[in-house]
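input21.pdb (PDB, N, CA, C and O atoms and all ligand atoms) appears below.
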MODEL        1
ATOM      1  N   MET D 116     190.673  99.472 262.175  1.00  0.00           N
ATOM      2  CA  MET D 116     189.366  99.343 261.509  1.00  0.00           C
ATOM      3  C   MET D 116     189.068 100.619 260.728  1.00  0.00           C
ATOM      4  O   MET D 116     189.118 101.706 261.260  1.00  0.00           O
ATOM      5  N   ALA D 117     188.833 100.449 259.463  1.00  0.00           N
ATOM      6  CA  ALA D 117     188.552 101.608 258.631  1.00  0.00           C
ATOM      7  C   ALA D 117     187.169 102.167 258.945  1.00  0.00           C
ATOM      8  O   ALA D 117     186.265 101.431 259.317  1.00  0.00           O
ATOM      9  N   THR D 118     187.054 103.454 258.786  1.00  0.00           N
ATOM     10  CA  THR D 118     185.732 104.043 258.959  1.00  0.00           C
ATOM     11  C   THR D 118     184.934 103.781 257.687  1.00  0.00           C
ATOM     12  O   THR D 118     185.493 103.533 256.628  1.00  0.00           O
ATOM     13  N   HIS D 119     183.642 103.832 257.808  1.00  0.00           N
ATOM     14  CA  HIS D 119     182.809 103.627 256.633  1.00  0.00           C
ATOM     15  C   HIS D 119     181.885 104.818 256.478  1.00  0.00           C
ATOM     16  O   HIS D 119     181.649 105.546 257.434  1.00  0.00           O
ATOM     17  N   PRO D 120     181.384 105.028 255.277  1.00  0.00           N
ATOM     18  CA  PRO D 120     180.484 106.154 255.082  1.00  0.00           C
ATOM     19  C   PRO D 120     179.226 106.004 255.918  1.00  0.00           C
ATOM     20  O   PRO D 120     178.864 104.902 256.314  1.00  0.00           O
ATOM     21  N   ARG D 121     178.599 107.091 256.174  1.00  0.00           N
ATOM     22  CA  ARG D 121     177.374 107.051 256.964  1.00  0.00           C
ATOM     23  C   ARG D 121     176.222 106.588 256.086  1.00  0.00           C
ATOM     24  O   ARG D 121     176.016 107.094 254.997  1.00  0.00           O
ATOM     25  N   PHE D 122     175.491 105.619 256.598  1.00  0.00           N
ATOM     26  CA  PHE D 122     174.389 105.053 255.830  1.00  0.00           C
ATOM     27  C   PHE D 122     173.030 105.453 256.392  1.00  0.00           C
ATOM     28  O   PHE D 122     172.028 104.830 256.077  1.00  0.00           O
ATOM     29  N   GLY D 123     173.018 106.465 257.240  1.00  0.00           N
ATOM     30  CA  GLY D 123     171.745 106.928 257.784  1.00  0.00           C
ATOM     31  C   GLY D 123     171.209 105.966 258.831  1.00  0.00           C
ATOM     32  O   GLY D 123     171.960 105.410 259.635  1.00  0.00           O
ATOM     33  N   LEU D 124     169.900 105.758 258.786  1.00  0.00           N
ATOM     34  CA  LEU D 124     169.236 104.914 259.785  1.00  0.00           C
ATOM     35  C   LEU D 124     169.837 103.513 259.849  1.00  0.00           C
ATOM     36  O   LEU D 124     169.876 102.890 260.911  1.00  0.00           O
ATOM     37  N   CYS D 125     170.280 103.025 258.715  1.00  0.00           N
ATOM     38  CA  CYS D 125     170.812 101.650 258.672  1.00  0.00           C
ATOM     39  C   CYS D 125     171.972 101.462 259.652  1.00  0.00           C
ATOM     40  O   CYS D 125     172.172 100.368 260.170  1.00  0.00           O
ATOM     41  N   ASP D 126     172.710 102.543 259.913  1.00  0.00           N
ATOM     42  CA  ASP D 126     173.860 102.427 260.804  1.00  0.00           C
ATOM     43  C   ASP D 126     173.477 102.071 262.234  1.00  0.00           C
ATOM     44  O   ASP D 126     174.332 101.637 263.010  1.00  0.00           O
ATOM     45  N   SER D 127     172.228 102.271 262.575  1.00  0.00           N
ATOM     46  CA  SER D 127     171.799 101.924 263.936  1.00  0.00           C
ATOM     47  C   SER D 127     170.755 100.820 263.920  1.00  0.00           C
ATOM     48  O   SER D 127     170.077 100.583 264.916  1.00  0.00           O
ATOM     49  N   CYS D 128     170.627 100.140 262.799  1.00  0.00           N
ATOM     50  CA  CYS D 128     169.563  99.139 262.633  1.00  0.00           C
ATOM     51  C   CYS D 128     170.125  97.730 262.766  1.00  0.00           C
ATOM     52  O   CYS D 128     171.187  97.408 262.224  1.00  0.00           O
ATOM     53  N   VAL D 129     169.378  96.916 263.442  1.00  0.00           N
ATOM     54  CA  VAL D 129     169.785  95.528 263.678  1.00  0.00           C
ATOM     55  C   VAL D 129     169.854  94.726 262.382  1.00  0.00           C
ATOM     56  O   VAL D 129     170.549  93.706 262.310  1.00  0.00           O
ATOM     57  N   HIS D 130     169.194  95.189 261.332  1.00  0.00           N
ATOM     58  CA  HIS D 130     169.143  94.445 260.072  1.00  0.00           C
ATOM     59  C   HIS D 130     170.270  94.797 259.103  1.00  0.00           C
ATOM     60  O   HIS D 130     170.366  94.227 258.030  1.00  0.00           O
ATOM     61  N   GLN D 131     171.094  95.738 259.482  1.00  0.00           N
ATOM     62  CA  GLN D 131     172.189  96.125 258.582  1.00  0.00           C
ATOM     63  C   GLN D 131     173.332  95.112 258.638  1.00  0.00           C
ATOM     64  O   GLN D 131     173.697  94.612 259.701  1.00  0.00           O
ATOM     65  N   GLN D 132     173.875  94.843 257.465  1.00  0.00           N
ATOM     66  CA  GLN D 132     175.114  94.056 257.381  1.00  0.00           C
ATOM     67  C   GLN D 132     176.078  94.824 256.509  1.00  0.00           C
ATOM     68  O   GLN D 132     175.742  95.171 255.368  1.00  0.00           O
ATOM     69  N   LEU D 133     177.255  95.112 257.029  1.00  0.00           N
ATOM     70  CA  LEU D 133     178.243  95.823 256.221  1.00  0.00           C
ATOM     71  C   LEU D 133     178.999  94.826 255.355  1.00  0.00           C
ATOM     72  O   LEU D 133     179.441  93.780 255.825  1.00  0.00           O
ATOM     73  N   VAL D 134     179.115  95.161 254.086  1.00  0.00           N
ATOM     74  CA  VAL D 134     179.775  94.290 253.113  1.00  0.00           C
ATOM     75  C   VAL D 134     180.971  95.050 252.546  1.00  0.00           C
ATOM     76  O   VAL D 134     180.831  96.186 252.103  1.00  0.00           O
ATOM     77  N   HIS D 135     182.118  94.424 252.599  1.00  0.00           N
ATOM     78  CA  HIS D 135     183.349  95.067 252.120  1.00  0.00           C
ATOM     79  C   HIS D 135     183.797  94.397 250.828  1.00  0.00           C
ATOM     80  O   HIS D 135     183.769  93.174 250.729  1.00  0.00           O
ATOM     81  N   ASN D 136     184.210  95.192 249.876  1.00  0.00           N
ATOM     82  CA  ASN D 136     184.750  94.580 248.654  1.00  0.00           C
ATOM     83  C   ASN D 136     186.273  94.683 248.658  1.00  0.00           C
ATOM     84  O   ASN D 136     186.871  95.286 249.554  1.00  0.00           O
ATOM     85  N   THR D 137     186.886  94.078 247.658  1.00  0.00           N
ATOM     86  CA  THR D 137     188.355  94.000 247.651  1.00  0.00           C
ATOM     87  C   THR D 137     189.002  95.346 247.349  1.00  0.00           C
ATOM     88  O   THR D 137     190.199  95.504 247.542  1.00  0.00           O
ATOM     89  N   ARG D 138     188.218  96.295 246.895  1.00  0.00           N
ATOM     90  CA  ARG D 138     188.786  97.613 246.579  1.00  0.00           C
ATOM     91  C   ARG D 138     188.665  98.591 247.743  1.00  0.00           C
ATOM     92  O   ARG D 138     188.923  99.776 247.595  1.00  0.00           O
ATOM     93  N   GLY D 139     188.221  98.081 248.864  1.00  0.00           N
ATOM     94  CA  GLY D 139     188.180  98.918 250.055  1.00  0.00           C
ATOM     95  C   GLY D 139     186.884  99.680 250.252  1.00  0.00           C
ATOM     96  O   GLY D 139     186.795 100.513 251.143  1.00  0.00           O
ATOM     97  N   SER D 140     185.891  99.402 249.407  1.00  0.00           N
ATOM     98  CA  SER D 140     184.600 100.064 249.589  1.00  0.00           C
ATOM     99  C   SER D 140     183.729  99.256 250.545  1.00  0.00           C
ATOM    100  O   SER D 140     183.879  98.038 250.660  1.00  0.00           O
ATOM    101  N   THR D 141     182.841  99.964 251.203  1.00  0.00           N
ATOM    102  CA  THR D 141     181.915  99.320 252.134  1.00  0.00           C
ATOM    103  C   THR D 141     180.492  99.636 251.719  1.00  0.00           C
ATOM    104  O   THR D 141     180.182 100.782 251.395  1.00  0.00           O
ATOM    105  N   PHE D 142     179.669  98.610 251.716  1.00  0.00           N
ATOM    106  CA  PHE D 142     178.271  98.758 251.323  1.00  0.00           C
ATOM    107  C   PHE D 142     177.381  98.325 252.472  1.00  0.00           C
ATOM    108  O   PHE D 142     177.753  97.479 253.282  1.00  0.00           O
ATOM    109  N   SER D 143     176.196  98.908 252.515  1.00  0.00           N
ATOM    110  CA  SER D 143     175.239  98.593 253.568  1.00  0.00           C
ATOM    111  C   SER D 143     174.151  97.694 252.998  1.00  0.00           C
ATOM    112  O   SER D 143     173.348  98.118 252.171  1.00  0.00           O
ATOM    113  N   LEU D 144     174.159  96.452 253.434  1.00  0.00           N
ATOM    114  CA  LEU D 144     173.176  95.470 252.967  1.00  0.00           C
ATOM    115  C   LEU D 144     172.052  95.398 253.995  1.00  0.00           C
ATOM    116  O   LEU D 144     172.303  95.415 255.203  1.00  0.00           O
ATOM    117  N   CYS D 145     170.822  95.329 253.493  1.00  0.00           N
ATOM    118  CA  CYS D 145     169.658  95.192 254.377  1.00  0.00           C
ATOM    119  C   CYS D 145     169.265  93.709 254.436  1.00  0.00           C
ATOM    120  O   CYS D 145     168.835  93.137 253.435  1.00  0.00           O
ATOM    121  N   ARG D 146     169.402  93.114 255.604  1.00  0.00           N
ATOM    122  CA  ARG D 146     169.076  91.686 255.727  1.00  0.00           C
ATOM    123  C   ARG D 146     167.584  91.406 255.652  1.00  0.00           C
ATOM    124  O   ARG D 146     167.183  90.277 255.428  1.00  0.00           O
ATOM    125  N   ARG D 147     166.770  92.432 255.831  1.00  0.00           N
ATOM    126  CA  ARG D 147     165.323  92.236 255.654  1.00  0.00           C
ATOM    127  C   ARG D 147     165.011  91.809 254.218  1.00  0.00           C
ATOM    128  O   ARG D 147     164.010  91.140 253.975  1.00  0.00           O
ATOM    129  N   SER D 148     165.850  92.215 253.283  1.00  0.00           N
ATOM    130  CA  SER D 148     165.581  91.932 251.864  1.00  0.00           C
ATOM    131  C   SER D 148     165.549  90.434 251.576  1.00  0.00           C
ATOM    132  O   SER D 148     164.990  89.996 250.575  1.00  0.00           O
ATOM    133  N   ARG D 149     166.157  89.639 252.429  1.00  0.00           N
ATOM    134  CA  ARG D 149     166.160  88.186 252.207  1.00  0.00           C
ATOM    135  C   ARG D 149     164.768  87.596 252.298  1.00  0.00           C
ATOM    136  O   ARG D 149     164.424  86.665 251.590  1.00  0.00           O
ATOM    137  N   GLU D 150     163.970  88.131 253.213  1.00  0.00           N
ATOM    138  CA  GLU D 150     162.629  87.591 253.443  1.00  0.00           C
ATOM    139  C   GLU D 150     161.543  88.507 252.891  1.00  0.00           C
ATOM    140  O   GLU D 150     160.435  88.068 252.639  1.00  0.00           O
ATOM    141  N   GLN D 151     161.867  89.781 252.764  1.00  0.00           N
ATOM    142  CA  GLN D 151     160.845  90.769 252.411  1.00  0.00           C
ATOM    143  C   GLN D 151     161.308  91.557 251.180  1.00  0.00           C
ATOM    144  O   GLN D 151     162.131  92.456 251.284  1.00  0.00           O
ATOM    145  N   PRO D 152     160.767  91.196 250.012  1.00  0.00           N
ATOM    146  CA  PRO D 152     161.237  91.816 248.770  1.00  0.00           C
ATOM    147  C   PRO D 152     160.986  93.319 248.682  1.00  0.00           C
ATOM    148  O   PRO D 152     161.588  93.994 247.843  1.00  0.00           O
ATOM    149  N   GLU D 153     160.123  93.834 249.540  1.00  0.00           N
ATOM    150  CA  GLU D 153     159.889  95.283 249.495  1.00  0.00           C
ATOM    151  C   GLU D 153     161.103  96.072 250.003  1.00  0.00           C
ATOM    152  O   GLU D 153     161.193  97.281 249.792  1.00  0.00           O
ATOM    153  N   TYR D 154     162.029  95.379 250.648  1.00  0.00           N
ATOM    154  CA  TYR D 154     163.254  96.057 251.088  1.00  0.00           C
ATOM    155  C   TYR D 154     164.363  95.754 250.100  1.00  0.00           C
ATOM    156  O   TYR D 154     164.650  94.589 249.820  1.00  0.00           O
ATOM    157  N   PRO D 155     164.989  96.794 249.540  1.00  0.00           N
ATOM    158  CA  PRO D 155     166.089  96.541 248.602  1.00  0.00           C
ATOM    159  C   PRO D 155     167.287  95.941 249.327  1.00  0.00           C
ATOM    160  O   PRO D 155     167.532  96.244 250.495  1.00  0.00           O
ATOM    161  N   ARG D 156     167.999  95.096 248.621  1.00  0.00           N
ATOM    162  CA  ARG D 156     169.191  94.467 249.211  1.00  0.00           C
ATOM    163  C   ARG D 156     170.204  95.543 249.611  1.00  0.00           C
ATOM    164  O   ARG D 156     170.770  95.508 250.684  1.00  0.00           O
ATOM    165  N   TYR D 157     170.407  96.473 248.711  1.00  0.00           N
ATOM    166  CA  TYR D 157     171.297  97.598 249.006  1.00  0.00           C
ATOM    167  C   TYR D 157     170.476  98.873 248.888  1.00  0.00           C
ATOM    168  O   TYR D 157     170.311  99.428 247.798  1.00  0.00           O
ATOM    169  N   PRO D 158     169.920  99.327 250.005  1.00  0.00           N
ATOM    170  CA  PRO D 158     169.076 100.529 249.925  1.00  0.00           C
ATOM    171  C   PRO D 158     169.888 101.760 249.537  1.00  0.00           C
ATOM    172  O   PRO D 158     171.095 101.826 249.781  1.00  0.00           O
ATOM    173  N   ARG D 159     169.206 102.673 248.922  1.00  0.00           N
ATOM    174  CA  ARG D 159     169.843 103.933 248.563  1.00  0.00           C
ATOM    175  C   ARG D 159     170.155 104.689 249.854  1.00  0.00           C
ATOM    176  O   ARG D 159     169.260 104.930 250.669  1.00  0.00           O
ATOM    177  N   VAL D 160     171.396 105.052 250.016  1.00  0.00           N
ATOM    178  CA  VAL D 160     171.799 105.681 251.262  1.00  0.00           C
ATOM    179  C   VAL D 160     172.156 107.152 251.054  1.00  0.00           C
ATOM    180  O   VAL D 160     172.499 107.537 249.944  1.00  0.00           O
ATOM    181  N   PRO D 161     172.057 107.963 252.088  1.00  0.00           N
ATOM    182  CA  PRO D 161     171.655 107.578 253.435  1.00  0.00           C
ATOM    183  C   PRO D 161     170.150 107.336 253.536  1.00  0.00           C
ATOM    184  O   PRO D 161     169.372 108.064 252.930  1.00  0.00           O
ATOM    185  N   VAL D 162     169.785 106.305 254.276  1.00  0.00           N
ATOM    186  CA  VAL D 162     168.370 106.026 254.514  1.00  0.00           C
ATOM    187  C   VAL D 162     167.882 106.971 255.610  1.00  0.00           C
ATOM    188  O   VAL D 162     168.444 107.008 256.708  1.00  0.00           O
ATOM    189  N   LEU D 163     166.859 107.750 255.290  1.00  0.00           N
ATOM    190  CA  LEU D 163     166.358 108.736 256.251  1.00  0.00           C
ATOM    191  C   LEU D 163     165.071 108.291 256.915  1.00  0.00           C
ATOM    192  O   LEU D 163     164.746 108.727 258.019  1.00  0.00           O
ATOM    193  N   GLU D 164     164.333 107.423 256.239  1.00  0.00           N
ATOM    194  CA  GLU D 164     163.087 106.900 256.791  1.00  0.00           C
ATOM    195  C   GLU D 164     162.987 105.446 256.417  1.00  0.00           C
ATOM    196  O   GLU D 164     163.265 105.081 255.276  1.00  0.00           O
ATOM    197  N   CYS D 165     162.575 104.618 257.355  1.00  0.00           N
ATOM    198  CA  CYS D 165     162.397 103.207 257.043  1.00  0.00           C
ATOM    199  C   CYS D 165     161.452 102.591 258.059  1.00  0.00           C
ATOM    200  O   CYS D 165     161.698 102.667 259.267  1.00  0.00           O
ATOM    201  N   ALA D 166     160.378 101.987 257.559  1.00  0.00           N
ATOM    202  CA  ALA D 166     159.392 101.370 258.444  1.00  0.00           C
ATOM    203  C   ALA D 166     159.960 100.126 259.117  1.00  0.00           C
ATOM    204  O   ALA D 166     159.453  99.677 260.135  1.00  0.00           O
ATOM    205  N   GLY D 167     161.020  99.589 258.553  1.00  0.00           N
ATOM    206  CA  GLY D 167     161.565  98.342 259.083  1.00  0.00           C
ATOM    207  C   GLY D 167     162.696  98.521 260.077  1.00  0.00           C
ATOM    208  O   GLY D 167     163.234  97.548 260.584  1.00  0.00           O
ATOM    209  N   TRP D 168     163.037  99.762 260.347  1.00  0.00           N
ATOM    210  CA  TRP D 168     164.161 100.023 261.251  1.00  0.00           C
ATOM    211  C   TRP D 168     163.911  99.462 262.638  1.00  0.00           C
ATOM    212  O   TRP D 168     162.837  99.651 263.203  1.00  0.00           O
ATOM    213  N   GLU D 169     164.867  98.768 263.164  1.00  0.00           N
ATOM    214  CA  GLU D 169     164.811  98.294 264.551  1.00  0.00           C
ATOM    215  C   GLU D 169     166.166  98.569 265.174  1.00  0.00           C
ATOM    216  O   GLU D 169     167.200  98.251 264.584  1.00  0.00           O
ATOM    217  N   PRO D 170     166.156  99.149 266.368  1.00  0.00           N
ATOM    218  CA  PRO D 170     167.435  99.529 266.973  1.00  0.00           C
ATOM    219  C   PRO D 170     168.276  98.320 267.349  1.00  0.00           C
ATOM    220  O   PRO D 170     167.752  97.281 267.741  1.00  0.00           O
ATOM    221  N   ARG D 171     169.559  98.482 267.211  1.00  0.00           N
ATOM    222  CA  ARG D 171     170.467  97.465 267.730  1.00  0.00           C
ATOM    223  C   ARG D 171     170.437  97.512 269.239  1.00  0.00           C
ATOM    224  O   ARG D 171     170.129  98.541 269.838  1.00  0.00           O
ATOM    225  N   LYS D 172     170.803  96.430 269.833  1.00  0.00           N
ATOM    226  CA  LYS D 172     170.865  96.371 271.293  1.00  0.00           C
ATOM    227  C   LYS D 172     171.846  97.442 271.779  1.00  0.00           C
ATOM    228  O   LYS D 172     172.951  97.565 271.245  1.00  0.00           O
ATOM    229  N   GLY D 173     171.419  98.214 272.732  1.00  0.00           N
ATOM    230  CA  GLY D 173     172.289  99.240 273.274  1.00  0.00           C
ATOM    231  C   GLY D 173     172.259 100.538 272.488  1.00  0.00           C
ATOM    232  O   GLY D 173     172.880 101.508 272.880  1.00  0.00           O
ATOM    233  N   GLU D 174     171.522 100.558 271.397  1.00  0.00           N
ATOM    234  CA  GLU D 174     171.444 101.759 270.564  1.00  0.00           C
ATOM    235  C   GLU D 174     170.397 102.692 271.160  1.00  0.00           C
ATOM    236  O   GLU D 174     169.332 102.248 271.572  1.00  0.00           O
ATOM    237  N   ARG D 175     170.715 103.970 271.190  1.00  0.00           N
ATOM    238  CA  ARG D 175     169.724 104.926 271.681  1.00  0.00           C
ATOM    239  C   ARG D 175     168.675 105.166 270.624  1.00  0.00           C
ATOM    240  O   ARG D 175     168.994 105.230 269.443  1.00  0.00           O
ATOM    241  N   THR D 176     167.434 105.310 271.018  1.00  0.00           N
ATOM    242  CA  THR D 176     166.356 105.529 270.053  1.00  0.00           C
ATOM    243  C   THR D 176     165.911 106.977 270.073  1.00  0.00           C
ATOM    244  O   THR D 176     166.211 107.699 270.981  1.00  0.00           O
TER     245      THR D 176
HETATM  246  S1  LIG D 201     165.427  97.687 257.743  1.00  0.00           S
HETATM  247 FE1  LIG D 201     165.614  99.770 256.924  1.00  0.00          FE
HETATM  248  S2  LIG D 201     166.991 100.832 258.343  1.00  0.00           S
HETATM  249 FE2  LIG D 201     167.216  98.612 258.686  1.00  0.00          FE
HETATM  250  S3  LIG D 201     168.950  98.011 257.406  1.00  0.00           S
HETATM  251 FE3  LIG D 201     167.062  97.665 256.221  1.00  0.00          FE
HETATM  252  S4  LIG D 201     166.800  99.579 255.028  1.00  0.00           S
HETATM  253 FE4  LIG D 201     168.255  99.993 256.687  1.00  0.00          FE
ENDMDL
END
Output the structure of this file as structure tokens.
Amino acid sequence: MATHPRFGLCDSCVHQQLVHNTRGSTFSLCRRSREQPEYPRYPRVPVLECAGWEPRKGERT
């Protein structure tokens, strides 16, 4: 499994979805953007502050 760049808060957020392209790059997609337009589909990373952050199960807060 390839490592991916650090995306800040998104890396520990339940709403993150990692998207891989054919050239080997990895992008951090915010699934909140599907329902809530105030969240960009691909937030500018690293995300340092986000009101929508929710920890993944087992993630330390
Ligand atoms: S809700 Fe915030 S922290 Fe979570 S994936 Fe979206 S932009 Fe990242």
Check every protein, DNA and RNA residue against ligand LIG 201 (chain D), keep those with an atom at most 10 Å away (counting only C-alpha atoms and all ligand atoms), and present them as an NGL selection string. :D and (122-133 or 143-148 or 151 or 153-171)
When DSSP works through the backbone of this structure, what residues of range 119-168 of chain D end up as helix (DSSP H, G or I), shown as a list in words?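 For range 119-168 of chain D, the helix (DSSP H, G or I) set is Leu124, Cys125, Asp126, Ser127, Arg146, Arg147, Ser148 and Arg149 of chain D.
Interatomic distance, atom N of Arg121 in chain D against atom N of Thr137 in chain D: 17.6 Å.
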Hey, can you check how far CA of Arg138 in chain D sits from atom C of Glu150 in chain D? 29.4 Å
What is the CA of Gly173 in chain D to atom C of His135 in chain D distance in Å?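 Distance reported for this atom pair: 25.7 Å.
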